[in-house]
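Engineer: This is model.tsv (TSV, C-alpha atoms).
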chain	number	residue	atom	x	y	z
A	1	MET	CA	279.13	-253.76	24.76
A	2	ILE	CA	279.31	-251.20	27.55
A	3	ARG	CA	282.83	-249.85	27.94
A	4	GLN	CA	282.78	-246.77	30.08
A	5	GLY	CA	285.10	-244.78	32.30
A	6	SER	CA	288.77	-245.24	33.13
A	7	SER	CA	288.00	-248.46	35.02
A	8	TYR	CA	287.60	-250.48	31.79
A	9	LEU	CA	290.78	-252.41	30.95
A	10	ASP	CA	291.55	-253.74	27.47
A	11	VAL	CA	293.15	-256.90	28.81
A	12	GLU	CA	293.97	-258.26	25.34
A	13	ASN	CA	296.45	-255.42	24.79
A	14	TYR	CA	297.56	-254.83	28.38
A	15	THR	CA	300.96	-256.51	28.91
A	16	GLY	CA	301.64	-256.14	32.64
A	17	ASP	CA	301.13	-258.61	35.47
A	18	ILE	CA	297.46	-259.05	36.15
A	19	ALA	CA	295.04	-260.67	38.57
A	20	ILE	CA	291.67	-262.03	37.45
A	21	LEU	CA	288.65	-262.26	39.71
A	22	GLY	CA	285.99	-263.99	37.66
A	23	GLY	CA	282.42	-265.00	38.29
A	24	SER	CA	278.81	-264.42	37.39
A	25	PHE	CA	278.63	-261.22	39.49
A	26	ASN	CA	274.87	-261.60	39.42
A	27	PRO	CA	275.12	-259.27	41.31
A	28	ILE	CA	278.57	-258.35	42.63
A	29	HIS	CA	278.50	-258.19	46.45
A	30	VAL	CA	280.62	-257.33	49.49
A	31	GLY	CA	282.16	-260.82	49.54
A	32	HIS	CA	283.61	-260.33	46.05
A	33	ILE	CA	284.87	-256.89	47.00
A	34	ARG	CA	286.47	-258.07	50.23
A	35	MET	CA	288.27	-260.82	48.29
A	36	ALA	CA	289.69	-258.21	45.91
A	37	GLU	CA	290.70	-255.93	48.77
A	38	SER	CA	292.45	-258.77	50.60
A	39	PHE	CA	294.30	-259.82	47.45
A	40	TYR	CA	295.60	-256.31	46.82
A	41	GLU	CA	296.68	-255.94	50.44
A	42	GLN	CA	298.76	-259.11	50.08
A	43	PHE	CA	300.07	-258.91	46.50
A	44	SER	CA	299.77	-255.26	45.34
A	45	ILE	CA	298.73	-256.38	41.83
A	46	ASP	CA	295.93	-254.68	39.88
A	47	ILE	CA	292.76	-256.78	39.68
A	48	VAL	CA	290.37	-257.22	36.78
A	49	LEU	CA	286.76	-258.16	37.51
A	50	MET	CA	285.80	-260.45	34.65
A	51	PRO	CA	282.18	-261.61	34.36
A	52	ASN	CA	281.50	-264.77	32.42
A	53	LYS	CA	278.95	-265.13	29.66
A	54	THR	CA	277.93	-268.57	30.87
A	55	THR	CA	279.60	-271.73	32.15
A	56	TYR	CA	279.01	-275.37	31.46
A	57	TYR	CA	277.56	-275.83	34.97
A	58	LYS	CA	275.39	-272.70	35.06
A	59	GLU	CA	273.94	-272.60	31.56
A	60	ASN	CA	270.34	-272.53	32.79
A	61	LYS	CA	270.89	-269.88	35.43
A	62	ALA	CA	268.83	-266.69	35.10
A	63	PHE	CA	271.13	-263.71	34.58
A	64	VAL	CA	270.36	-260.02	34.46
A	65	SER	CA	271.64	-258.44	31.25
A	66	ASP	CA	275.34	-258.35	30.43
A	67	GLU	CA	275.04	-254.57	30.33
A	68	ASP	CA	273.71	-254.39	33.89
A	69	ARG	CA	276.37	-256.71	35.25
A	70	LEU	CA	279.12	-254.71	33.55
A	71	ASN	CA	277.63	-251.42	34.73
A	72	MET	CA	277.66	-252.67	38.33
A	73	LEU	CA	281.29	-253.79	38.00
A	74	SER	CA	282.18	-250.40	36.57
A	75	LEU	CA	280.57	-248.68	39.56
A	76	VAL	CA	282.59	-250.81	41.98
A	77	ALA	CA	285.86	-250.36	40.08
A	78	GLU	CA	285.47	-246.58	40.14
A	79	HIS	CA	285.85	-246.70	43.94
A	80	TYR	CA	289.23	-248.49	43.91
A	81	PRO	CA	292.37	-247.37	42.02
A	82	TYR	CA	293.54	-250.97	41.66
A	83	LEU	CA	290.25	-252.42	40.37
A	84	PHE	CA	289.24	-252.65	36.71
A	85	TYR	CA	286.67	-254.61	34.73
A	86	SER	CA	286.71	-256.44	31.41
A	87	ASP	CA	284.07	-257.74	29.01
A	88	LEU	CA	286.46	-260.24	27.37
A	89	GLU	CA	284.46	-263.37	28.21
A	90	ILE	CA	281.11	-261.74	27.48
A	91	VAL	CA	282.26	-260.56	24.05
A	92	ARG	CA	283.66	-264.01	23.31
A	93	GLY	CA	280.25	-265.48	24.12
A	94	GLY	CA	279.24	-269.08	24.55
A	95	VAL	CA	280.46	-271.38	27.29
A	96	THR	CA	283.31	-270.00	29.38
A	97	HIS	CA	286.40	-272.08	30.11
A	98	THR	CA	289.13	-270.43	32.14
A	99	ILE	CA	291.91	-271.79	29.93
A	100	ASP	CA	290.46	-269.91	26.91
A	101	THR	CA	290.81	-266.63	28.79
A	102	ILE	CA	294.34	-267.43	29.96
A	103	ARG	CA	295.41	-268.20	26.39
A	104	GLU	CA	294.03	-264.85	25.25
A	105	LEU	CA	295.96	-263.04	27.97
A	106	ARG	CA	299.16	-264.91	27.08
A	107	LYS	CA	299.02	-263.57	23.51
A	108	ALA	CA	299.83	-260.05	24.73
A	109	ASN	CA	302.76	-261.17	26.88
A	110	ASN	CA	303.58	-264.83	27.38
A	111	ASN	CA	305.99	-264.00	30.21
A	112	ARG	CA	303.59	-261.99	32.35
A	113	ASP	CA	302.42	-263.27	35.73
A	114	ILE	CA	298.72	-264.06	35.70
A	115	TYR	CA	297.03	-264.49	39.07
A	116	PHE	CA	293.62	-266.13	39.33
A	117	ILE	CA	291.65	-265.53	42.51
A	118	ILE	CA	289.30	-268.32	43.59
A	119	GLY	CA	287.48	-269.63	46.63
A	120	GLY	CA	288.67	-272.68	48.52
A	121	ASP	CA	285.81	-274.79	47.17
A	122	SER	CA	286.89	-274.05	43.59
A	123	LEU	CA	290.53	-274.92	44.35
A	124	GLU	CA	289.48	-278.45	45.23
A	125	TRP	CA	288.22	-278.99	41.68
A	126	ILE	CA	290.68	-277.13	39.45
A	127	ASP	CA	292.31	-280.39	38.34
A	128	LYS	CA	288.94	-281.26	36.79
A	129	TRP	CA	288.77	-278.04	34.75
A	130	VAL	CA	289.28	-278.10	30.98
A	131	ASP	CA	292.98	-278.58	30.05
A	132	ALA	CA	293.83	-278.61	33.75
A	133	GLU	CA	297.53	-279.40	33.37
A	134	GLU	CA	298.17	-276.43	31.08
A	135	LEU	CA	296.04	-274.17	33.28
A	136	ILE	CA	297.58	-275.14	36.61
A	137	SER	CA	301.09	-274.86	35.19
A	138	SER	CA	300.60	-271.39	33.71
A	139	VAL	CA	298.56	-269.51	36.31
A	140	HIS	CA	299.34	-268.41	39.86
A	141	PHE	CA	296.21	-269.44	41.74
A	142	VAL	CA	295.31	-267.57	44.91
A	143	SER	CA	292.74	-269.30	47.08
A	144	ALA	CA	290.69	-267.43	49.67
A	145	ILE	CA	290.21	-269.20	52.99
A	146	ARG	CA	287.80	-268.74	55.86
A	147	GLY	CA	288.98	-269.82	59.27
A	148	GLU	CA	291.34	-272.50	60.60
A	149	THR	CA	289.40	-275.48	59.26
A	150	ASP	CA	289.41	-274.10	55.73
A	151	LEU	CA	293.12	-273.29	56.08
A	152	GLU	CA	294.07	-276.86	56.92
A	153	ARG	CA	291.90	-278.27	54.13
A	154	THR	CA	293.38	-275.82	51.62
A	155	LYS	CA	296.93	-276.67	52.68
A	156	ALA	CA	296.18	-280.34	52.05
A	157	ILE	CA	294.78	-279.57	48.60
A	158	ILE	CA	297.82	-277.45	47.71
A	159	LYS	CA	300.15	-280.24	48.85
A	160	ARG	CA	298.32	-282.73	46.62
A	161	LEU	CA	298.28	-280.43	43.60
A	162	SER	CA	301.96	-279.49	43.99
A	163	THR	CA	302.85	-283.18	43.86
A	164	GLU	CA	300.67	-283.89	40.82
A	165	TYR	CA	301.59	-280.63	39.04
A	166	PRO	CA	305.21	-279.69	39.89
A	167	LYS	CA	304.92	-276.38	37.99
A	168	SER	CA	301.87	-275.25	39.98
A	169	ARG	CA	301.92	-272.02	41.95
A	170	ILE	CA	299.20	-271.73	44.56
A	171	SER	CA	299.04	-269.20	47.37
A	172	ILE	CA	296.63	-268.76	50.25
A	173	LEU	CA	294.63	-265.58	50.61
A	174	ASP	CA	293.59	-265.01	54.20
A	175	MET	CA	290.44	-262.93	54.47
A	176	ALA	CA	287.68	-262.29	56.94
A	177	ASP	CA	284.65	-264.53	56.55
A	178	THR	CA	281.99	-262.68	54.55
A	179	PRO	CA	278.92	-264.95	54.50
A	180	VAL	CA	276.99	-263.62	51.53
A	181	SER	CA	276.06	-265.02	48.12
A	182	SER	CA	274.52	-263.62	44.95
A	183	SER	CA	271.69	-266.16	45.15
A	184	GLU	CA	270.84	-264.97	48.66
A	185	ILE	CA	270.70	-261.39	47.41
A	186	ARG	CA	268.48	-262.29	44.47
A	187	ASN	CA	266.12	-264.21	46.75
A	188	ARG	CA	265.90	-261.35	49.23
A	189	ILE	CA	265.08	-258.86	46.47
A	190	ALA	CA	262.42	-261.18	45.05
A	191	GLU	CA	260.86	-261.41	48.52
A	192	GLY	CA	260.97	-257.64	49.01
A	193	LEU	CA	263.60	-257.83	51.77
A	194	ASP	CA	266.39	-255.38	52.48
A	195	ILE	CA	269.87	-256.10	51.08
A	196	SER	CA	271.69	-253.31	52.89
A	197	GLY	CA	275.14	-254.45	53.95
A	198	LEU	CA	275.22	-257.25	51.39
A	199	VAL	CA	276.13	-254.93	48.51
A	200	PRO	CA	277.57	-251.38	48.53
A	201	ASP	CA	274.95	-248.66	48.78
A	202	TYR	CA	275.60	-247.50	45.21
A	203	ILE	CA	275.01	-251.05	43.91
A	204	ASN	CA	271.81	-251.26	45.94
A	205	ASP	CA	270.72	-247.96	44.37
A	206	TYR	CA	271.51	-249.28	40.88
A	207	ILE	CA	269.53	-252.47	41.50
A	208	GLN	CA	266.53	-250.57	42.80
A	209	LYS	CA	266.64	-247.91	40.09
A	210	ASN	CA	266.71	-250.54	37.34
A	211	SER	CA	264.29	-252.97	39.04
A	212	LEU	CA	266.75	-255.86	38.82
A	213	PHE	CA	265.95	-259.33	40.15
A	214	LYS	CA	262.31	-258.51	40.78
A	215	GLY	CA	260.21	-261.65	40.90
A	216	GLU	CA	263.26	-263.95	40.52
A	217	GLN	CA	263.96	-266.84	42.87
Turn this file's structure into structure tokens for me.

Structural biologist:
Amino acid sequence: MIRQGSSYLDVENYTGDIAILGGSFNPIHVGHIRMAESFYEQFSIDIVLMPNKTTYYKENKAFVSDEDRLNMLSLVAEHYPYLFYSDLEIVRGGVTHTIDTIRELRKANNNRDIYFIIGGDSLEWIDKWVDAEELISSVHFVSAIRGETDLERTKAIIKRLSTEYPKSRISILDMADTPVSSSEIRNRIAEGLDISGLVPDYINDYIQKNSLFKGEQ
């Protein structure tokens, strides 16, 4: 697996507090980056970009290679002193469940604080994730919101979860709305449209140089 530059973090042996921003990153885009920036501004905790191998709800999704996704994460991380990337879930292989990753991270230091950055839509469903009670009780979730409506909805979800899971720790991450998705980027590339502003210029250059997402919808 590609492990290059000082931005790679061996999370299995790192023992400090850590924040995980996971996802397909297929490709990483300005919305992901803005979420990481907003988290660091609020919490001042180093962030690890952690791409998944696959998930039970995206098993049939077309991915570019693991190497390309990791290379793009490495390029982004090199631009921020508080950003790193990990291939933990890719090396593990198979279907990704968040609790498996958290258990791995706990082996190095069971007393560390582990933050998990998610979108508001994901927060609504975390009690349906595998081994939800253990997960919600052992991770500090940070949920990004977009606007007043999302804020009120997220507050209601947090209130419900805090009642059902007394050990839960859930914070709100306020960030500017960044309406962009990886699927939109892939579709635009397949149609020969410009993606400037949706990804950093150096990610756009990498995509073009390596002919990624050509002909994909």

Engineer: Report the closest atom pair, with its distance in Å rounded to one decimal, for each residue of range 40-118 of chain A that has an atom no farther than 8 Å from range 132-139 of chain A; count only C-alpha atoms, sort by chain and then rising residue number, and write it as CSV.

Structural biologist:
residue,atom,partner,partner_atom,distance
A:Thr98,CA,A:Leu135,CA,7.9
A:Ile99,CA,A:Leu135,CA,5.8
A:Ile102,CA,A:Leu135,CA,7.7
A:Asp113,CA,A:Val139,CA,7.4
A:Ile114,CA,A:Val139,CA,5.5
A:Tyr115,CA,A:Val139,CA,5.9
A:Phe116,CA,A:Val139,CA,6.7

Engineer: Find the spatial neighbours of range 18-33 of chain A, counting all atoms listed in the file, within a cut-off of 7 Å - ignore same-chain residues fewer than 2 positions away - and output them as a ChimeraX atom specification.

Structural biologist: /A:16,35-37,45-52,63-64,69,113-117,178,180,182,198-200

Engineer: Just want the 10 Å neighbourhood of range 120-130 of chain A, counted on all atoms listed in the file, with same-chain residues fewer than 3 positions away dropped. Output as a list of chain:residue names.

Structural biologist: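 Contacts, in chain order: A:His97, A:Thr98, A:Ile99, A:Asp100, A:Ile117, A:Glu133, A:Glu134, A:Leu135, A:Ile136, A:Phe141, A:Val142, A:Ser143, A:Ala144, A:Ile145, A:Arg146, A:Asp150, A:Leu151, A:Arg153, A:Thr154, A:Ala156, A:Ile157, A:Ile158, A:Arg160, A:Leu161, A:Glu164, A:Tyr165, A:Ile170, A:Ile172, A:Leu173.
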
Engineer: I'd like the contact shell of Asn187 in chain A - 12 Å cut-off, all atoms listed in the file, skipping same-chain residues fewer than 2 positions apart - returned as a short mmCIF file (atom, residue, chain, number, x, y, z; two decimals) with C-alpha atoms, keeping the file's coordinate frame.

Structural biologist:
data_model
loop_
_atom_site.label_atom_id
_atom_site.label_comp_id
_atom_site.auth_asym_id
_atom_site.auth_seq_id
_atom_site.Cartn_x
_atom_site.Cartn_y
_atom_site.Cartn_z
CA ASN A 26 274.87 -261.60 39.42
CA PRO A 27 275.12 -259.27 41.31
CA VAL A 180 276.99 -263.62 51.53
CA SER A 181 276.06 -265.02 48.12
CA SER A 182 274.52 -263.62 44.95
CA SER A 183 271.69 -266.16 45.15
CA GLU A 184 270.84 -264.97 48.66
CA ILE A 185 270.70 -261.39 47.41
CA ILE A 189 265.08 -258.86 46.47
CA ALA A 190 262.42 -261.18 45.05
CA GLU A 191 260.86 -261.41 48.52
CA GLY A 192 260.97 -257.64 49.01
CA LEU A 193 263.60 -257.83 51.77
CA ASP A 194 266.39 -255.38 52.48
CA ILE A 195 269.87 -256.10 51.08
CA LEU A 212 266.75 -255.86 38.82
CA PHE A 213 265.95 -259.33 40.15
CA LYS A 214 262.31 -258.51 40.78
CA GLY A 215 260.21 -261.65 40.90
CA GLU A 216 263.26 -263.95 40.52
CA GLN A 217 263.96 -266.84 42.87
#

Engineer: Between CA of Ile207 in chain A and CA of Ala77 in chain A, what is the spacing in Å?

Structural biologist: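 Taking CA of Ala77 in chain A as the start and CA of Ile207 in chain A as the end point, the length is 16.5 Å.
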
Engineer: If we count all atoms listed in the file and set the cut-off at 9 Å, which residues sit around Leu105 in chain A, ignoring sequence neighbours fewer than 5 positions away in its own chain? Please answer as a short mmCIF file (atom, residue, chain, number, x, y, z; two decimals) with C-alpha atoms, keeping the file's coordinate frame.

Structural biologist:
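Listing of part_14.cif after writing:
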data_model
loop_
_atom_site.label_atom_id
_atom_site.label_comp_id
_atom_site.auth_asym_id
_atom_site.auth_seq_id
_atom_site.Cartn_x
_atom_site.Cartn_y
_atom_site.Cartn_z
CA VAL A 11 293.15 -256.90 28.81
CA GLU A 12 293.97 -258.26 25.34
CA ASN A 13 296.45 -255.42 24.79
CA TYR A 14 297.56 -254.83 28.38
CA THR A 15 300.96 -256.51 28.91
CA ASP A 100 290.46 -269.91 26.91
CA ASN A 110 303.58 -264.83 27.38
CA ARG A 112 303.59 -261.99 32.35
CA ILE A 114 298.72 -264.06 35.70
#

Engineer: Take CA of Ala176 in chain A and CA of Thr101 in chain A and report the distance between them in Å, one decimal.

Structural biologist: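 Atom-to-atom, CA of Ala176 in chain A to CA of Thr101 in chain A, that is 28.7 Å.
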